[in-house]
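Remarks on the structure that follows.
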Amino acid sequence: MEPEPYELITMGRIGVDLYPLQSGVPLSRVETFGKFLGGSATNVAVAAARLGRRAAVVSRTGDDPFGAYVHEQLRRFGVDDRWVTPVPGLPTPVTFCELFPPDDFPLYFYRRPKAPDLELHPHELDLDALRRARIFWMTGTGLSEEPSRTTTLEALAARSAGPPGARRTATVFDLDWRPVFWSEPESARPHYAAALAHATVAVGNLTECEVATGESEPRAAAEALLAAGVELAVVKRGPEGVLAVHRDGTVVDAAAVEVEVVNGLGAGDAFGGALCHGLLDGLPLEETVRYAGAAGAIVASRLECSSAMPFPHEVAEALDGARP
């Protein structure tokens, strides 16, 4: 008997977040830090697992103590780590941030000489599992460097190709623009276009949408993403809320859930995991977007990212509190 398909498989960044335990203090003066599982694709899988979904991550770490920590944390959160493999000679990435609420959270990535999660090779993929997964989630970072770029595009092509009759819900492209990861940032758009041709859902903020399409006005960006091949474009606008436009003509303009922001860095990943949850349940688009927005707001009100991902009852409570 074939194993049950995963509800979500994500592919992309993984590592360790070292976040300051003092807010409003420059990194040079921070004295204590909290250690957390990190990486956007990883956080999305954790967020979905917290909501009861069977999730796995495809990524790589260093063969070092931080790599061991990553595996421990994935198992703790109920995320399958079978496709997270070590790369000898490369360190597990570490990320620091500064906390200047409500809207300034600089990130400092330590991913040199090369991040292991960019050392994904096509022959290492379990293409059958990727084809059968209900949702496959990949990110723009995975397109920034070889061999990850080719591997990510091959995974997307495999999703497009089959198998016939598979119960696939979505192939999601998280636009995830981090120019520091690109040796030539101006070269990104053709690679984004190649990925969009295989994706059914695109998710990004206005800067990311502009990188992918050249459009920075929300509705124009959404329409450009639809024209590039996706069925659903989700444009995140921070405190202005979320615009979601479906190819069938459905348009959702959802207001943001108001919270006191502590750390805005994990909100988008919580949004992503909850978006997958709503898509898997087949909820109406407006309900899905509002649910995802509430999950993101909860994490923005907390310090950490992965361990801050909300449980279903917390999202329900946030939605109840947001209703007039």
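Residue names in the structure tokens use chain letters A, B, ... in the order shown, residue numbers from 1 in each chain, and ligand numbers from 1 in the order shown.
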
Legend entry - Sel. of alpha helix (DSSP H) residues, region 24-182 of chain A, as an NGL selection string: :A and (40-50 or 65-76 or 127-132 or 148-161)

Inset, instruction - Can you pull out every residue within 7 Å of Gly293 (chain A), counting only C-alpha atoms, but drop anything in the same chain fewer than 4 positions away, and send it as a ChimeraX atom specification? - result: /A:256-257,271,289,297

Could you take the residues named above and write them with C-alpha atoms, as an mmCIF file, in the first residue's frame?
data_model
loop_
_atom_site.group_PDB
_atom_site.id
_atom_site.type_symbol
_atom_site.label_atom_id
_atom_site.label_comp_id
_atom_site.auth_asym_id
_atom_site.auth_seq_id
_atom_site.Cartn_x
_atom_site.Cartn_y
_atom_site.Cartn_z
ATOM 1 C CA ALA A 256 -5.098 43.477 8.689
ATOM 2 C CA VAL A 257 -5.790 42.188 12.196
ATOM 3 C CA PHE A 271 0.337 33.512 7.012
ATOM 4 C CA VAL A 289 -7.247 34.900 3.599
ATOM 5 C CA ALA A 297 -0.901 38.809 13.314
#

Go through region 94-208 of chain A residue by residue and, counting only C-alpha atoms, keep those with an atom at most 10 Å from region 217-241 of chain A; for each kept residue give the shortest atom pair and its distance in Å to one decimal, ordered by chain and increasing number, as a Markdown table.
| residue | atom | partner | partner_atom | distance |
| --- | --- | --- | --- | --- |
| A:Asp103 | CA | A:Gly238 | CA | 9.4 |
| A:Ala170 | CA | A:Glu231 | CA | 9.3 |
| A:Thr171 | CA | A:Val230 | CA | 9.1 |
| A:Val172 | CA | A:Val230 | CA | 9.0 |
| A:Phe173 | CA | A:Val230 | CA | 9.2 |
| A:Asp174 | CA | A:Val234 | CA | 9.7 |
| A:Tyr192 | CA | A:Ala228 | CA | 9.7 |
| A:Ala193 | CA | A:Ala228 | CA | 6.8 |
| A:Ala194 | CA | A:Ala228 | CA | 9.1 |
| A:Ala195 | CA | A:Gly229 | CA | 9.4 |
| A:Leu196 | CA | A:Gly229 | CA | 6.0 |
| A:Ala197 | CA | A:Gly229 | CA | 5.1 |
| A:His198 | CA | A:Gly229 | CA | 7.2 |
| A:Ala199 | CA | A:Val230 | CA | 5.6 |
| A:Thr200 | CA | A:Val230 | CA | 4.2 |
| A:Val201 | CA | A:Leu232 | CA | 4.8 |
| A:Ala202 | CA | A:Ala233 | CA | 5.0 |
| A:Val203 | CA | A:Val234 | CA | 4.7 |
| A:Gly204 | CA | A:Val235 | CA | 5.4 |
| A:Asn205 | CA | A:Lys236 | CA | 4.5 |
| A:Leu206 | CA | A:Arg237 | CA | 6.6 |
| A:Thr207 | CA | A:Arg237 | CA | 9.7 |
| A:Glu208 | CA | A:Val235 | CA | 9.1 |

Legend entry - Spatial neighbours of region 21-28 of chain A, 7 Å, only C-alpha atoms, chain gap at least 2 places, as a count of residues only: 8

Legend entry - Residue list (strand (DSSP E), DSSP) for region 26-171 of chain A, as a VMD selection string: chain A and resid 33 to 38 55 to 62 79 to 87 94 to 97 107 to 110 135 to 139 170 to 171

For those residues, write C-alpha atoms to a file as a short mmCIF file (atom, residue, chain, number, x, y, z; two decimals), in the first residue's frame.
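Final output, result-v1.cif:
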data_model
loop_
_atom_site.label_atom_id
_atom_site.label_comp_id
_atom_site.auth_asym_id
_atom_site.auth_seq_id
_atom_site.Cartn_x
_atom_site.Cartn_y
_atom_site.Cartn_z
CA PHE A 33 19.71 35.91 22.61
CA GLY A 34 17.07 33.22 22.16
CA LYS A 35 17.80 30.30 19.85
CA PHE A 36 15.02 29.13 17.51
CA LEU A 37 14.51 26.99 14.42
CA GLY A 38 14.42 29.29 11.39
CA ALA A 55 4.13 18.45 6.61
CA ALA A 56 7.72 17.84 5.53
CA VAL A 57 10.70 20.00 4.52
CA VAL A 58 13.21 19.48 1.70
CA SER A 59 16.44 21.24 2.64
CA ARG A 60 20.03 20.77 3.82
CA THR A 61 22.07 21.73 6.87
CA GLY A 62 25.67 21.61 7.90
CA VAL A 79 7.51 18.15 10.78
CA ASP A 80 9.04 15.24 8.83
CA ASP A 81 12.82 15.74 8.48
CA ARG A 82 13.66 12.77 6.25
CA TRP A 83 14.64 15.07 3.33
CA VAL A 84 16.82 17.38 5.42
CA THR A 85 20.36 16.11 4.80
CA PRO A 86 23.84 17.28 5.86
CA VAL A 87 26.45 18.91 3.64
CA VAL A 94 22.59 31.42 11.44
CA THR A 95 20.42 34.55 11.27
CA PHE A 96 20.41 37.49 13.66
CA CYS A 97 17.90 40.33 13.79
CA LEU A 107 18.09 40.81 9.38
CA TYR A 108 21.70 39.66 9.26
CA PHE A 109 22.23 36.38 7.41
CA TYR A 110 25.35 34.29 8.00
CA ILE A 135 0.59 21.29 -1.68
CA PHE A 136 4.18 21.94 -2.72
CA TRP A 137 5.68 25.24 -1.49
CA MET A 138 8.91 26.69 -2.91
CA THR A 139 10.60 30.06 -2.54
CA ALA A 170 -1.79 23.83 -5.07
CA THR A 171 1.78 24.52 -6.11
#

Inset, instruction - Extract, using only C-alpha atoms, all DNA, RNA and protein residues at most 10 Å from Pro310 (chain A), discarding same-chain residues fewer than 6 positions from it, and format them as a ChimeraX atom specification. - result: /A:46-51,270,274,294-299,316

Put those residues in a file: N, CA and C atoms, as an mmCIF file, in the first residue's frame.
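Saved result, result24.cif, follows:
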data_model
loop_
_atom_site.group_PDB
_atom_site.id
_atom_site.type_symbol
_atom_site.label_atom_id
_atom_site.label_comp_id
_atom_site.auth_asym_id
_atom_site.auth_seq_id
_atom_site.Cartn_x
_atom_site.Cartn_y
_atom_site.Cartn_z
ATOM 1 N N VAL A 46 6.252 24.369 9.751
ATOM 2 C CA VAL A 46 5.921 24.336 11.177
ATOM 3 C C VAL A 46 4.540 24.928 11.417
ATOM 4 N N ALA A 47 4.253 26.061 10.759
ATOM 5 C CA ALA A 47 2.948 26.708 10.923
ATOM 6 C C ALA A 47 1.818 25.771 10.514
ATOM 7 N N ALA A 48 1.998 25.060 9.402
ATOM 8 C CA ALA A 48 0.964 24.129 8.951
ATOM 9 C C ALA A 48 0.832 22.950 9.908
ATOM 10 N N ALA A 49 1.967 22.450 10.415
ATOM 11 C CA ALA A 49 1.921 21.329 11.357
ATOM 12 C C ALA A 49 1.189 21.726 12.636
ATOM 13 N N ARG A 50 1.390 22.965 13.095
ATOM 14 C CA ARG A 50 0.689 23.437 14.285
ATOM 15 C C ARG A 50 -0.831 23.434 14.073
ATOM 16 N N LEU A 51 -1.237 23.564 12.836
ATOM 17 C CA LEU A 51 -2.663 23.564 12.508
ATOM 18 C C LEU A 51 -3.172 22.168 12.174
ATOM 19 N N ALA A 270 3.787 32.460 9.083
ATOM 20 C CA ALA A 270 2.542 32.012 9.712
ATOM 21 C C ALA A 270 1.382 32.173 8.751
ATOM 22 N N ALA A 274 -0.946 29.013 7.328
ATOM 23 C CA ALA A 274 -2.396 29.074 7.493
ATOM 24 C C ALA A 274 -3.107 29.175 6.151
ATOM 25 N N ALA A 294 -5.008 36.369 10.390
ATOM 26 C CA ALA A 294 -5.053 36.278 11.847
ATOM 27 C C ALA A 294 -3.850 35.509 12.377
ATOM 28 N N ALA A 295 -3.475 34.429 11.702
ATOM 29 C CA ALA A 295 -2.305 33.657 12.128
ATOM 30 C C ALA A 295 -1.045 34.519 12.061
ATOM 31 N N GLY A 296 -0.913 35.274 10.977
ATOM 32 C CA GLY A 296 0.245 36.150 10.849
ATOM 33 C C GLY A 296 0.295 37.205 11.934
ATOM 34 N N ALA A 297 -0.850 37.780 12.272
ATOM 35 C CA ALA A 297 -0.901 38.809 13.314
ATOM 36 C C ALA A 297 -0.483 38.246 14.662
ATOM 37 N N ILE A 298 -0.887 37.026 14.963
ATOM 38 C CA ILE A 298 -0.512 36.408 16.238
ATOM 39 C C ILE A 298 1.008 36.322 16.361
ATOM 40 N N VAL A 299 1.666 35.872 15.303
ATOM 41 C CA VAL A 299 3.116 35.710 15.358
ATOM 42 C C VAL A 299 3.814 37.069 15.417
ATOM 43 N N ALA A 316 -8.708 30.993 16.011
ATOM 44 C CA ALA A 316 -10.144 31.222 16.187
ATOM 45 C C ALA A 316 -10.398 32.365 17.160
#

Legend entry - Interatomic distance (Å, one decimal) between CA of Ser160 (chain A) and CA of Asp176 (chain A):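 Taking CA of Ser160 (chain A) and CA of Asp176 (chain A), their separation equals 21.4 Å.
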
Legend entry - Distance criterion (only C-alpha atoms): nearest to Ala244 (chain A) out of A:Val211, A:Ala292, A:Phe105, A:Val16: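 Checking each candidate against Ala244 (chain A), we get A:Ala292 as the closest.
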
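For the pair CA of Gly272 (chain A) and CA of Leu74 (chain A), the separation is 17.4 Å.
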
Inset, instruction - Do a neighbour search on Glu145 (chain A) at 8 Å with only C-alpha atoms, toss out local chain neighbours closer than 4 positions, and write the hits as JSON, numbers by chain. - result: {"A": [118, 149, 182]}

Go ahead and save the residues from that selection, with N, CA and C atoms, as a PDB file, in the first residue's frame.
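Contents of the output file part_21.pdb:
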ATOM      1  N   LEU A 118      21.221  25.651  -0.404  1.00  0.00           N
ATOM      2  CA  LEU A 118      21.390  25.915  -1.833  1.00  0.00           C
ATOM      3  C   LEU A 118      22.158  24.791  -2.532  1.00  0.00           C
ATOM      4  N   ARG A 149      18.709  26.200  -7.983  1.00  0.00           N
ATOM      5  CA  ARG A 149      17.797  26.749  -8.997  1.00  0.00           C
ATOM      6  C   ARG A 149      17.265  25.654  -9.913  1.00  0.00           C
ATOM      7  N   TRP A 182      21.504  37.035  -4.035  1.00  0.00           N
ATOM      8  CA  TRP A 182      21.710  37.003  -5.482  1.00  0.00           C
ATOM      9  C   TRP A 182      22.996  37.730  -5.829  1.00  0.00           C
TER      10      TRP A 182
END

Legend entry - Computed interatomic separation between CA of Pro20 (chain A) and CA of Leu275 (chain A) (Å):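 Result for CA of Pro20 (chain A) versus CA of Leu275 (chain A): 28.5 Å, one decimal.
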
Inset, instruction - Using only C-alpha atoms, pick whichever of A:Ala308, A:Ile9, A:Val259, A:Val44 has the shortest atom-to-atom distance to Gly273 (chain A). - result: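 That would be A:Val44, the residue with the smallest distance to Gly273 (chain A).
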